[in-house]
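J.: Contents of work_21.txt (compact mmCIF, C-alpha atoms):
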```txt
# COMPACT_ATOMS: atom_id res chain seq x y z
CA MET A 607 -0.66 -4.03 -9.39
CA LYS A 608 -0.97 -1.57 -12.25
CA ARG A 609 0.68 1.74 -11.41
CA LEU A 610 -0.04 4.88 -13.41
CA ARG A 611 3.24 6.42 -12.36
CA ALA A 612 5.08 3.84 -14.48
CA LEU A 613 2.68 3.60 -17.40
CA LEU A 614 2.52 7.33 -18.04
CA CYS A 615 6.22 8.09 -17.58
CA GLY A 616 8.00 9.48 -20.57
CA ALA A 617 11.77 9.18 -20.58
CA ALA A 618 14.40 11.50 -21.95
CA THR A 619 17.33 9.83 -23.70
CA ALA A 620 20.68 10.21 -21.92
CA ALA A 621 24.12 8.67 -22.31
CA LEU A 622 25.11 6.40 -19.44
CA ALA A 623 28.09 7.48 -17.38
CA THR A 624 29.39 4.99 -14.84
CA THR A 625 31.05 6.69 -11.90
CA GLY A 626 32.37 5.42 -8.59
CA LEU A 627 31.57 6.76 -5.13
CA ALA A 628 34.83 8.71 -4.90
CA ALA A 629 33.99 10.64 -8.04
CA PHE A 630 30.51 11.37 -6.72
CA THR A 631 31.96 12.83 -3.55
CA ALA A 632 34.22 15.10 -5.58
CA GLN A 633 31.44 16.37 -7.84
CA GLN A 634 28.44 16.40 -5.51
CA ALA A 635 28.16 20.19 -5.61
CA SER A 636 27.47 20.11 -9.34
CA GLY A 637 24.10 18.46 -8.85
CA ALA A 638 22.75 20.02 -5.67
CA SER A 639 24.01 22.40 -3.04
CA ALA A 640 25.00 21.14 0.36
CA ALA A 641 21.87 20.30 2.31
CA THR A 642 20.37 22.85 4.58
CA THR A 643 19.69 21.93 8.18
CA ALA A 644 17.53 18.83 8.16
CA LEU A 645 13.81 19.30 8.58
CA SER A 646 11.97 17.58 11.38
CA THR A 647 11.42 13.87 10.76
CA ARG A 648 7.69 14.56 10.51
CA TRP A 649 8.21 16.52 7.31
CA TYR A 650 10.04 13.65 5.61
CA ALA A 651 7.21 11.39 6.77
CA ALA A 652 4.70 13.71 5.09
CA ALA A 653 6.56 14.27 1.81
CA PRO A 654 4.29 13.59 -1.21
CA TYR A 655 5.74 12.09 -4.39
CA LEU A 656 6.85 14.36 -7.21
CA MET A 657 8.23 13.25 -10.57
CA PRO A 658 10.78 15.94 -11.55
CA HIS A 659 11.24 14.64 -15.13
CA ASP A 660 7.82 13.38 -16.24
CA ASN A 661 4.05 13.93 -16.02
CA ASN A 662 4.21 17.71 -16.49
CA PRO A 663 6.18 18.47 -13.29
CA PRO A 664 4.62 21.29 -11.27
CA ASP A 665 6.64 24.13 -9.77
CA ALA A 666 7.63 22.93 -6.30
CA GLY A 667 8.09 26.50 -5.10
CA ALA A 668 4.54 27.40 -6.10
CA ILE A 669 3.23 24.42 -4.13
CA MET A 670 5.27 25.50 -1.10
CA ASP A 671 3.86 29.02 -1.29
CA ALA A 672 0.28 27.84 -1.71
CA THR A 673 0.22 25.11 0.93
CA GLY A 674 3.11 25.48 3.36
CA LEU A 675 4.56 22.14 2.21
CA LYS A 676 8.29 21.80 2.92
CA ALA A 677 9.27 18.28 1.83
CA PHE A 678 9.05 16.40 -1.47
CA GLN A 679 9.57 12.72 -2.34
CA LEU A 680 11.38 12.77 -5.70
CA ALA A 681 10.77 9.68 -7.87
CA PHE A 682 12.27 7.37 -9.13
CA VAL A 683 15.87 6.13 -9.04
CA LEU A 684 16.36 2.95 -11.09
CA ALA A 685 19.09 0.86 -12.71
CA PRO A 686 20.05 1.95 -16.25
CA ASN A 687 17.74 0.67 -18.94
CA GLY A 688 20.80 -0.62 -20.77
CA GLY A 689 22.01 -2.60 -17.78
CA GLY A 690 24.46 -2.01 -14.95
CA CYS A 691 24.59 -1.24 -11.23
CA SER A 692 24.59 2.56 -11.25
CA PRO A 693 21.76 4.93 -10.27
CA THR A 694 19.72 6.79 -12.85
CA TRP A 695 16.55 8.84 -12.87
CA ASP A 696 13.80 6.79 -14.52
CA GLY A 697 16.37 4.40 -15.99
CA THR A 698 17.64 6.97 -18.49
CA SER A 699 19.32 9.95 -16.80
CA PRO A 700 22.49 9.08 -14.84
CA VAL A 701 22.61 10.54 -11.35
CA SER A 702 26.35 11.09 -11.83
CA SER A 703 25.85 13.76 -14.50
CA ASP A 704 22.49 15.12 -13.37
CA THR A 705 21.94 18.83 -13.06
CA ALA A 706 18.20 19.01 -13.79
CA VAL A 707 17.02 17.33 -10.59
CA GLY A 708 19.77 19.12 -8.69
CA THR A 709 18.28 22.42 -9.81
CA VAL A 710 14.90 21.37 -8.43
CA VAL A 711 16.52 20.35 -5.14
CA ASN A 712 18.37 23.66 -4.87
CA ALA A 713 15.18 25.66 -5.50
CA ILE A 714 13.31 23.75 -2.79
CA ARG A 715 16.12 24.19 -0.28
CA ALA A 716 16.42 27.88 -1.09
CA LYS A 717 12.84 28.26 0.17
CA GLY A 718 13.55 26.38 3.41
CA GLY A 719 12.41 22.94 2.26
CA ASP A 720 14.12 19.65 1.55
CA VAL A 721 13.73 16.42 -0.41
CA SER A 722 13.78 12.68 0.01
CA VAL A 723 14.44 10.38 -2.94
CA SER A 724 12.36 7.32 -3.77
CA ILE A 725 13.98 4.29 -5.36
CA GLY A 726 12.11 1.60 -7.24
CA GLY A 727 8.46 2.04 -8.09
CA TYR A 728 6.40 -0.05 -10.47
CA GLY A 729 8.26 0.15 -13.78
CA GLY A 730 11.81 -0.31 -14.94
CA THR A 731 14.69 -2.40 -13.62
CA LYS A 732 15.53 -1.86 -9.97
CA LEU A 733 19.06 -1.70 -8.61
CA GLY A 734 18.30 -4.63 -6.31
CA GLN A 735 17.75 -6.69 -9.46
CA ALA A 736 20.79 -5.36 -11.33
CA CYS A 737 23.42 -5.30 -8.57
CA SER A 738 25.19 -8.48 -7.47
CA ASP A 739 24.65 -8.19 -3.72
CA ALA A 740 23.46 -5.93 -0.90
CA ALA A 741 26.81 -4.14 -0.60
CA SER A 742 26.94 -3.12 -4.27
CA THR A 743 23.27 -2.12 -4.15
CA ALA A 744 23.99 0.06 -1.12
CA ALA A 745 27.01 1.61 -2.86
CA ALA A 746 24.80 2.63 -5.79
CA TYR A 747 22.27 4.25 -3.46
CA GLN A 748 25.03 5.91 -1.44
CA GLN A 749 25.97 7.78 -4.61
CA VAL A 750 22.47 9.30 -4.62
CA ILE A 751 22.66 10.20 -0.92
CA THR A 752 26.06 11.82 -1.41
CA LYS A 753 25.13 13.63 -4.62
CA TYR A 754 22.07 15.31 -3.11
CA GLN A 755 23.16 15.31 0.57
CA LEU A 756 20.00 13.44 1.52
CA LYS A 757 18.53 13.15 4.99
CA ALA A 758 15.79 10.73 3.89
CA ILE A 759 15.26 7.90 1.39
CA ASP A 760 12.30 5.72 0.41
CA PHE A 761 12.51 2.10 -0.78
CA ASP A 762 9.45 1.59 -2.99
CA LEU A 763 9.37 -2.21 -3.32
CA GLU A 764 6.72 -3.36 -5.78
CA GLU A 765 6.10 -5.90 -8.47
CA PRO A 766 7.85 -7.35 -10.29
CA GLU A 767 10.89 -6.80 -8.06
CA TYR A 768 9.22 -7.81 -4.81
CA GLU A 769 8.42 -11.18 -6.38
CA ASN A 770 12.20 -11.79 -6.64
CA ALA A 771 13.49 -12.97 -3.25
CA THR A 772 17.13 -12.30 -4.16
CA ALA A 773 16.41 -8.75 -5.28
CA ILE A 774 14.45 -8.03 -2.10
CA ALA A 775 17.32 -9.41 0.01
CA HIS A 776 19.63 -6.97 -1.82
CA GLU A 777 17.25 -4.04 -1.21
CA ILE A 778 16.67 -4.76 2.47
CA GLY A 779 20.37 -5.41 2.99
CA ALA A 780 21.20 -2.15 1.24
CA ALA A 781 18.69 -0.26 3.38
CA LYS A 782 20.32 -1.66 6.52
CA ILE A 783 23.80 -0.65 5.32
CA LEU A 784 22.67 2.87 4.45
CA GLN A 785 20.95 3.23 7.82
CA GLN A 786 24.19 2.24 9.57
CA ASN A 787 26.48 4.37 7.41
CA ASN A 788 24.34 7.53 7.43
CA PRO A 789 23.37 8.25 11.05
CA GLY A 790 19.97 9.90 11.33
CA LEU A 791 18.91 8.93 7.80
CA TYR A 792 15.11 8.63 7.63
CA VAL A 793 14.25 5.36 5.86
CA SER A 794 10.80 4.33 4.68
CA VAL A 795 9.89 1.07 2.96
CA THR A 796 6.78 1.23 0.78
CA THR A 797 4.98 -1.79 -0.65
CA ALA A 798 1.63 -2.93 -2.03
CA GLY A 799 -1.53 -2.86 0.06
CA THR A 800 -4.35 -5.40 0.05
CA ALA A 801 -7.60 -5.69 1.98
CA ASP A 802 -5.72 -7.98 4.40
CA GLY A 803 -2.96 -5.40 4.83
CA THR A 804 -0.41 -6.64 2.33
CA GLY A 805 -0.06 -9.71 0.17
CA TRP A 806 2.19 -12.75 0.22
CA PHE A 807 5.18 -10.94 -1.29
CA GLY A 808 4.77 -8.02 1.10
CA LYS A 809 4.80 -10.42 4.01
CA GLN A 810 7.92 -12.13 2.66
CA MET A 811 9.59 -8.71 2.47
CA LEU A 812 8.76 -8.14 6.14
CA ASN A 813 10.16 -11.57 7.00
CA GLU A 814 13.36 -10.67 5.13
CA ALA A 815 13.67 -7.47 7.16
CA LYS A 816 13.18 -9.44 10.37
CA ALA A 817 15.78 -12.03 9.32
CA GLN A 818 18.31 -9.30 8.59
CA GLY A 819 17.56 -7.43 11.82
CA PHE A 820 16.50 -4.32 9.91
CA THR A 821 13.89 -1.87 11.21
CA PRO A 822 13.21 1.26 9.11
CA ASN A 823 11.38 4.30 10.38
CA ASN A 824 8.26 2.80 8.82
CA PHE A 825 6.79 0.16 6.57
CA SER A 826 4.13 1.84 4.43
CA ILE A 827 1.40 0.21 2.37
CA MET A 828 -0.38 1.60 -0.69
CA PRO A 829 -4.08 0.76 -0.25
CA PHE A 830 -5.24 1.42 -3.80
CA ASP A 831 -5.39 -0.49 -7.09
CA GLY A 832 -6.50 -3.56 -5.16
CA GLY A 833 -10.27 -3.40 -4.86
CA PHE A 834 -10.33 -0.36 -2.59
CA ASN A 835 -12.75 2.52 -2.87
CA GLY A 836 -12.82 5.27 -0.30
CA ALA A 837 -11.42 5.70 3.18
CA ALA A 838 -13.21 2.88 5.01
CA ALA A 839 -11.48 0.22 2.90
CA GLN A 840 -8.15 1.94 3.44
CA THR A 841 -8.37 2.27 7.22
CA SER A 842 -9.46 -1.37 7.40
CA ALA A 843 -6.34 -2.37 5.45
CA LEU A 844 -4.16 -0.25 7.73
CA THR A 845 -5.67 -1.96 10.76
CA ASN A 846 -4.98 -5.37 9.25
CA PHE A 847 -1.44 -4.36 8.31
CA ASN A 848 -0.86 -3.34 11.91
CA SER A 849 -1.72 -6.90 12.96
CA ILE A 850 0.80 -8.24 10.41
CA LEU A 851 3.52 -5.99 11.83
CA GLN A 852 2.68 -7.18 15.34
CA SER A 853 2.86 -10.85 14.44
CA THR A 854 6.01 -10.48 12.33
CA PHE A 855 8.13 -8.42 14.71
CA GLY A 856 6.54 -9.20 18.06
CA TRP A 857 5.45 -5.61 18.57
CA ASP A 858 2.40 -4.44 20.47
CA ALA A 859 -0.21 -2.41 18.54
CA ALA A 860 1.20 0.98 19.55
CA THR A 861 4.74 0.08 18.51
CA ALA A 862 3.46 -1.33 15.22
CA TYR A 863 1.52 1.88 14.47
CA ALA A 864 4.65 3.91 15.29
CA HIS A 865 6.39 1.96 12.48
CA GLU A 866 3.48 2.04 10.03
CA GLY A 867 2.78 4.37 7.13
CA PHE A 868 0.11 5.18 4.54
CA SER A 869 0.81 5.98 0.89
CA GLY A 870 -2.38 6.83 -0.99
CA MET A 871 -3.37 7.85 -4.49
CA ASN A 872 -5.29 11.09 -4.86
CA GLY A 873 -8.38 11.18 -7.04
CA ARG A 874 -9.07 8.39 -9.53
CA SER A 875 -6.75 5.40 -9.32
CA ASP A 876 -5.43 3.24 -12.15
CA THR A 877 -8.28 0.75 -11.63
CA GLY A 878 -11.04 3.36 -11.37
CA GLU A 879 -11.24 3.64 -7.58
CA TYR A 880 -11.95 7.10 -6.18
CA PHE A 881 -10.26 8.78 -3.23
CA ARG A 882 -11.56 12.28 -2.69
CA GLN A 883 -10.63 15.00 -0.22
CA ALA A 884 -13.02 13.66 2.43
CA ASP A 885 -11.36 10.23 2.16
CA PHE A 886 -7.95 11.78 2.71
CA GLN A 887 -9.25 13.60 5.78
CA THR A 888 -10.65 10.36 7.22
CA VAL A 889 -7.39 8.48 6.69
CA LEU A 890 -5.43 11.43 8.06
CA ASP A 891 -7.56 11.37 11.22
CA PHE A 892 -6.93 7.62 11.51
CA ALA A 893 -3.18 8.06 11.02
CA THR A 894 -2.83 10.84 13.57
CA SER A 895 -5.11 9.27 16.18
CA HIS A 896 -3.12 6.00 15.96
CA HIS A 897 0.21 7.86 15.97
CA MET A 898 1.27 6.38 12.65
CA ASP A 899 4.70 7.37 11.37
CA ARG A 900 3.95 8.36 7.77
CA PHE A 901 1.22 9.86 5.56
CA THR A 902 1.98 10.49 1.89
CA PHE A 903 0.43 10.11 -1.55
CA TRP A 904 1.00 9.66 -5.27
CA SER A 905 1.33 12.33 -6.56
CA LEU A 906 1.81 16.08 -6.65
CA ASN A 907 1.92 15.87 -10.45
CA ARG A 908 -1.74 14.77 -10.19
CA ASP A 909 -2.80 17.28 -7.52
CA ARG A 910 -4.79 19.55 -9.85
CA GLN A 911 -8.12 19.34 -11.62
CA CYS A 912 -8.57 17.79 -15.06
CA THR A 913 -10.68 19.44 -17.78
CA PRO A 914 -13.40 18.28 -17.44
CA ALA A 915 -12.93 17.47 -13.76
CA ASP A 916 -13.84 13.80 -14.14
CA ASN A 917 -13.85 12.39 -17.64
CA GLY A 918 -13.79 8.76 -16.55
CA THR A 919 -10.08 8.27 -17.20
CA THR A 920 -6.99 8.29 -15.00
CA SER A 921 -4.24 10.80 -15.72
CA GLY A 922 -0.67 11.28 -14.58
CA THR A 923 -1.06 15.05 -14.59
CA CYS A 924 -4.42 15.62 -12.86
CA SER A 925 -6.67 13.86 -10.36
CA SER A 926 -9.95 13.30 -12.27
CA VAL A 927 -11.94 14.66 -9.31
CA ALA A 928 -13.23 18.15 -8.59
CA GLN A 929 -10.57 20.07 -6.68
CA SER A 930 -8.51 23.20 -6.38
CA ASP A 931 -4.81 23.00 -7.12
CA TRP A 932 -2.85 21.28 -4.34
CA ASP A 933 -5.89 20.30 -2.25
CA PHE A 934 -4.34 16.94 -1.42
CA ALA A 935 -0.93 18.40 -0.55
CA LYS A 936 -2.62 20.22 2.32
CA TYR A 937 -3.38 16.92 4.06
CA ALA A 938 0.33 16.11 4.07
CA VAL A 939 1.00 19.56 5.53
CA LYS A 940 -1.52 18.86 8.27
CA PHE A 941 0.14 15.51 9.04
CA ALA A 942 3.41 17.41 9.50
CA GLY A 943 1.65 19.50 12.12
CA VAL A 944 1.20 22.74 10.24
CA THR A 945 -1.95 24.60 9.27
CA PRO A 946 -1.97 25.32 5.51
CA PRO A 947 -2.39 28.99 4.60
CA THR A 948 -5.86 30.20 3.73
CA THR A 949 -6.77 32.33 0.75
CA THR A 950 -8.60 34.91 2.84
CA PRO A 951 -7.07 37.03 5.62
CA THR A 952 -7.96 36.18 9.18
CA THR A 953 -7.95 38.28 12.30
CA ALA A 954 -4.95 37.61 14.50
CA PRO A 955 -5.92 35.85 17.75
CA PRO A 956 -5.54 37.74 21.02
CA THR A 957 -2.24 37.17 22.77
CA THR A 958 -4.01 36.44 26.05
CA PRO A 959 -6.90 33.97 25.71
CA PRO A 960 -10.19 34.63 27.49
CA PRO A 961 -10.61 32.81 30.78
CA GLY A 962 -11.84 29.25 30.56
CA GLY A 963 -14.50 29.57 33.20
CA ASN A 964 -15.31 26.54 35.35
CA CYS A 965 -13.67 24.03 32.97
CA ALA A 966 -12.07 20.78 34.04
CA SER A 967 -9.42 20.90 31.30
CA ALA A 968 -6.39 23.15 31.65
CA ALA A 969 -6.49 26.50 29.89
CA TRP A 970 -5.12 26.60 26.35
CA ASN A 971 -1.47 27.74 26.20
CA SER A 972 -0.14 29.20 22.94
CA GLY A 973 3.32 27.78 23.62
CA ALA A 974 2.24 24.23 24.46
CA VAL A 975 2.25 21.33 22.00
CA TYR A 976 -1.00 19.35 21.77
CA THR A 977 -1.60 16.04 20.01
CA ALA A 978 -4.78 14.30 18.85
CA GLY A 979 -7.22 13.78 21.74
CA ASN A 980 -5.78 16.42 24.09
CA THR A 981 -8.41 18.73 25.59
CA VAL A 982 -8.12 22.34 26.74
CA SER A 983 -10.43 25.07 27.98
CA TYR A 984 -10.80 28.33 26.10
CA GLY A 985 -13.50 30.98 26.13
CA GLY A 986 -15.72 28.98 28.48
CA HIS A 987 -15.71 25.92 26.19
CA THR A 988 -13.82 22.63 26.16
CA TRP A 989 -11.89 21.89 22.97
CA LYS A 990 -10.30 18.66 21.68
CA ALA A 991 -7.30 18.57 19.34
CA LYS A 992 -7.84 16.60 16.12
CA TRP A 993 -4.10 16.30 15.41
CA TRP A 994 -0.73 17.78 16.42
CA THR A 995 -0.89 21.52 16.95
CA GLN A 996 0.89 24.45 18.51
CA ASN A 997 -0.17 28.10 18.75
CA GLU A 998 -3.47 27.54 16.92
CA THR A 999 -6.24 29.27 18.80
CA PRO A 1000 -9.32 27.19 19.65
CA GLY A 1001 -12.32 28.48 17.77
CA THR A 1002 -10.39 29.26 14.59
CA THR A 1003 -12.82 28.44 11.82
CA GLY A 1004 -12.27 27.10 8.37
CA GLU A 1005 -11.62 23.83 6.59
CA TRP A 1006 -8.37 23.18 8.42
CA GLY A 1007 -9.48 23.97 11.99
CA VAL A 1008 -7.60 21.70 14.39
CA TRP A 1009 -9.87 22.13 17.44
CA GLN A 1010 -13.22 20.42 17.93
CA ASP A 1011 -15.63 22.34 20.15
CA LEU A 1012 -17.00 19.98 22.82
CA GLY A 1013 -19.35 22.62 24.12
CA ALA A 1014 -19.61 24.97 27.06
CA CYS A 1015 -18.05 23.81 30.31
```
Go through the file and emit its structure as structure tokens.

T.:
Amino acid sequence: MKRLRALLCGAATAALATTGLAAFTAQQASGASAATTALSTRWYAAAPYLMPHDNNPPDAGAIMDATGLKAFQLAFVLAPNGGGCSPTWDGTSPVSSDTAVGTVVNAIRAKGGDVSVSIGGYGGTKLGQACSDAASTAAAYQQVITKYQLKAIDFDLEEPEYENATAIAHEIGAAKILQQNNPGLYVSVTTAGTADGTGWFGKQMLNEAKAQGFTPNNFSIMPFDGGFNGAAAQTSALTNFNSILQSTFGWDAATAYAHEGFSGMNGRSDTGEYFRQADFQTVLDFATSHHMDRFTFWSLNRDRQCTPADNGTTSGTCSSVAQSDWDFAKYAVKFAGVTPPTTTPTTAPPTTPPPGGNCASAAWNSGAVYTAGNTVSYGGHTWKAKWWTQNETPGTTGEWGVWQDLGAC
């Protein structure tokens, strides 16, 4: 599977410094401040990918201000290009001596957000390939967790690594060790998507996880670059992947969806597929209605319009579809359960809602939490929640309105 995120990555040259875990613990403050209070798990599940070194990195703080986004998936940690079992950014910048990514992390945390780190991806040598076993692979990743005081980590297992059974055993084993040694760590495992859900190597990865007794927060597939085009093909793949999770782990459909995630590509994909805002909304509705665990996309570096908007090529720095800046980030914000800010002021809702009249559903309560499918009465109408919401008044208009008006009672 061709991945733009690898092909368009530039890499800064850096000298390799090999450092043990003890040294990382001593110097962790040099790269990033101690983590703020962890965000809710839902935010880590909604964190879109951001390359802090390559593809014209956008200002994370500006995205937070414009969209309400709080979590970012920083990519990618790899083995050194010159060889060895120590973590680097993009294969060139040792985590041990990093200050550049640490500065990004500090800026995000200063605004009340947080980060997860993604390891692997399409290009470069992965630590599961370079390290001798699961324990040494886990030790390398633990350096990253310690350096940045992480509460979440993503294992992005793709070709060619996922075609190497030994490397995948190291990665899955490392994920299990990290899960055990870092209580509460949010762990996602991301792999290729196909029309059938995932391919042979993806299924072998799931079998490896089952054999090792490892269950992450989610297994996510990437339904793009594989003959997809639009939301219908993606939701079909997610449905098929759910069946694979059921048959592999013996879960029922609801349990499988609770351990399933979606990782999309905004705009024009590497192979010329198109995924526009309406497609993201459709997949978001599918994910929330099936209570899926994760909804993310590649990438924030691409979440802005090209000039011209669609020139028939795929870029690492813009989407190649008509959009406003950060349109796609807003779908991740919605998955986290928050309404993105609007560009025009709105009238504050009354503190006491109008009576519901003769409605069968209970009256809307500003303090209650509602999830997709819940109904309430408000203003003489019945309303149905499209996704998770709290303190959002039924009848609020606009692109991001959470309530569907079912009509007068």

J.: Dump as a Markdown table the rows for residues of region 737-758 of chain A within 9 Å of region 676-694 of chain A: closest atom pair and distance in Å with one decimal, only C-alpha atoms counted, ordered by chain and rising residue number.

T.:
```
| residue | atom | partner | partner_atom | distance |
| --- | --- | --- | --- | --- |
| A:Cys737 | CA | A:Cys691 | CA | 5.0 |
| A:Ser738 | CA | A:Cys691 | CA | 8.2 |
| A:Ser742 | CA | A:Cys691 | CA | 7.6 |
| A:Thr743 | CA | A:Cys691 | CA | 7.3 |
| A:Ala745 | CA | A:Ser692 | CA | 8.8 |
| A:Ala746 | CA | A:Ser692 | CA | 5.5 |
| A:Tyr747 | CA | A:Pro693 | CA | 6.9 |
| A:Gln749 | CA | A:Pro693 | CA | 7.6 |
| A:Val750 | CA | A:Pro693 | CA | 7.2 |
```

J.: Just the number, please: distance in Å from CA of Ser722 (chain A) to CA of Ile783 (chain A), one decimal.

T.: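 Here the two named atoms are 17.5 Å from each other.
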
J.: Which residue, A:Ala893, A:Ile850, A:Ile751, A:Ala773, has the smallest gap to Thr800 (chain A) when you use all atoms listed in the file?

T.: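 Of the candidates, the smallest distance to Thr800 (chain A) is held by A:Ile850.
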
J.: I need the residue nearest Gly729 (chain A) from this list: A:Leu763, A:Ala862, A:Leu906, A:Ala744. Use all atoms listed in the file for the distance.

T.: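 Answer, going by the shortest atom-to-atom distance: A:Leu763.
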
J.: What lies within 12 Å of Asn907 (chain A) using all atoms listed in the file, ignoring chain neighbours under 5 positions off, as an NGL selection string?

T.: :A and (610-611 or 614-615 or 654-666 or 669 or 678-681 or 871-873 or 912 or 921-925 or 931-932 or 934-935)

J.: Taking only C-alpha atoms into account, which of A:Ala716, A:Met898, A:Cys965, A:Leu890 comes nearest Gly1013 (chain A)?

T.: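 Smallest separation from Gly1013 (chain A) among the options: A:Cys965.
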
J.: Please identify all polymer residues within 10 Å of Thr988 (chain A), counting only C-alpha atoms, omitting same-chain residues fewer than 2 positions from it, and present them as a ChimeraX atom specification.

T.: /A:962-963,965-970,981-986,990,1000,1009-1015

J.: Select, from A:Ile725, A:Ala884, A:Ala974, A:Leu791, the residue with the minimum atom-to-atom distance to Gly836 (chain A), counting all atoms listed in the file.

T.: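 Looking only at the distances to Gly836 (chain A), the closest residue turns out to be A:Ala884.
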
J.: Give me, please, the distance in Å between CA of Ala652 (chain A) and CA of Gln818 (chain A), quoted to one decimal.

T.: 27.0 Å

J.: Any idea what's packed within 9 Å of Thr841 (chain A), counting only C-alpha atoms, ignoring anything in its chain fewer than 2 positions away? Could you give it as a list in words?

T.: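 That gives Pro829, Ala837, Ala838, Ala839, Ala843, Leu844, Thr845, Asn846, Thr888, Val889, Phe892 and Ala893 of chain A.
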
J.: Counting all atoms listed in the file, figure out which residue out of A:Thr821, A:Thr913, A:Ser699, A:Thr945 gets nearest to Tyr792 (chain A).

T.: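 Closest residue, counting all atoms listed in the file: A:Thr821.
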
J.: Taking all atoms listed in the file into account, which of A:Ile759, A:Ala740, A:Ala864, A:Ala928 comes nearest Asp899 (chain A)?

T.: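 Ranking A:Ile759, A:Ala740, A:Ala864, A:Ala928 by distance to Asp899 (chain A), first place goes to A:Ala864.
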
J.: Put a box with edges along x, y and z around all the listed atoms of region 856-870 of chain A, pad it by 6 Å on each side, then give me its centre and sizes in Å, one decimal, as AutoDock Vina command-line options.

T.:
```
--center_x 2.1 --center_y -1.2 --center_z 9.7 --size_x 20.9 --size_y 28.0 --size_z 33.5
```

J.: Just give me the gap between CA of Asp933 (chain A) and CA of Arg648 (chain A) in Å, one decimal is fine.

T.: 19.5 Å
